[in-house]
Amino acid sequence: MVDDSQAKTAAHAVLAAVLQVRDGRLQALLWQRAREPFAACWALPGGALAGDETLEESMRRHLAEKVDVREVSHLEQLETRSDPHRNPARRELATAFLGLVPSGVDPQVPEDTRWHPLDELPDLAYDHEEILGSARERLRGKLSYTNLGFALAPAEFTISELRDVYAAALGHDVSATNLQRVLVRRRVLESTGQVRPPGPTGGRPGALFRFRTQALEITDQFAVLRPPGPARVPVA
């Protein structure tokens with residue numbers, strides 16, 4: 001049991017669930033702990049909140065200093081974990097963030113840091129697996145009703161390439177035709193006027209698109225991107 005004096009001096013940490021679509025799969029950036037508690041387990045990047053910084057300032061500092069990641073295209077506060085027993089070493093609150101890195105960017109990370117597919121996670125420290133679950137659900141929801149795809153996609157892309165990014169993030173197939181129809185109708189995408197040349201096997205050149213803005217916008221608060229199935233359209 002934690003007494004009132006301990007609660008008043010509780011430490012406060014910040015953690016980032018940094019996600020990126022890599023090799024066609026949604027992956028999380030994790031580092032391997034060398035010391036107890038949870039030695040050899042993998043963990044979300046983060047650290048202690050300093051007394052002279054905001055939560056977001058602290059999170060960006062830790063990402064830059066500890067895993068050398070500065071290419072985060074979107075960072076938002078996800079949740080605060082306050083279970084008194086979440087850290088066996090001390091009373092600690094943790095504010096978690098969702099961070100997104102665009103596809104195609106390859107940050108140079110330290111040797112103890114790697115990307116891991118969310119469907120093949122290693123043993124994780126603390127409550128970090130639960131935080132990653134919350135991050136994935138937040139991402140899935142916001143891909144439905146906002147333009148957050150800009151934070152996962154490269155600067156320019158064909159609709160097929162964008163479909164692959166959405167499918168990896170959502171965890172189910174997405175119709176390229178329906179995705180284009182919905183995003184163009186919501187004025188999320190715009191044409192660059194350029195095309196991607198055919199690949200080695202030929203085929204038609206692919207028209208290139210980009211997101212109209214790199215700032216988060218609600219585009220349809222009631223929309224849901226649904227998996228394909230009987231009597232159900234892939235995108236609604």
# chains A, B, ... in the order shown; residues from 1 in each chain; ligands from 1

$ residues_around --residues "segment 63-69 of chain A" --least-positions-apart "3" --cutoff "7 Å" --atoms "only C-alpha atoms" --output "count of residues only"
9

$ select_by_dssp --residues "chain A" --states "strand (DSSP E or B)" --output "ChimeraX atom specification"
/A:11-22,25-32,42-43,46-48,74-81,92-100,113-117,124,146,157,189-196,199,202,206-211,218,225,229,232,235

$ atom_distance --atom1 "atom CA of Phe157 of chain A" --atom2 "atom CA of Leu208 of chain A"
5.2 Å

$ atom_distance --atom1 "atom CA of Ser191 of chain A" --atom2 "atom CA of Gly206 of chain A"
11.2 Å

$ residues_around --residues "Trp31 of chain A" --least-positions-apart "5" --cutoff "6 Å" --atoms "only C-alpha atoms" --output "number ranges by chain"
A: 42-43, 112-113

$ write_last_selection --atoms "C-alpha atoms" --output "PDB file, in the first residue's frame"
ATOM      1  CA  TRP A  42      11.885  -4.676 -24.459  1.00  0.00           C
ATOM      2  CA  ALA A  43      10.370  -1.303 -23.644  1.00  0.00           C
ATOM      3  CA  ASP A 112      19.802  -1.790 -28.482  1.00  0.00           C
ATOM      4  CA  THR A 113      16.788  -0.396 -30.369  1.00  0.00           C
TER       5      THR A 113
END
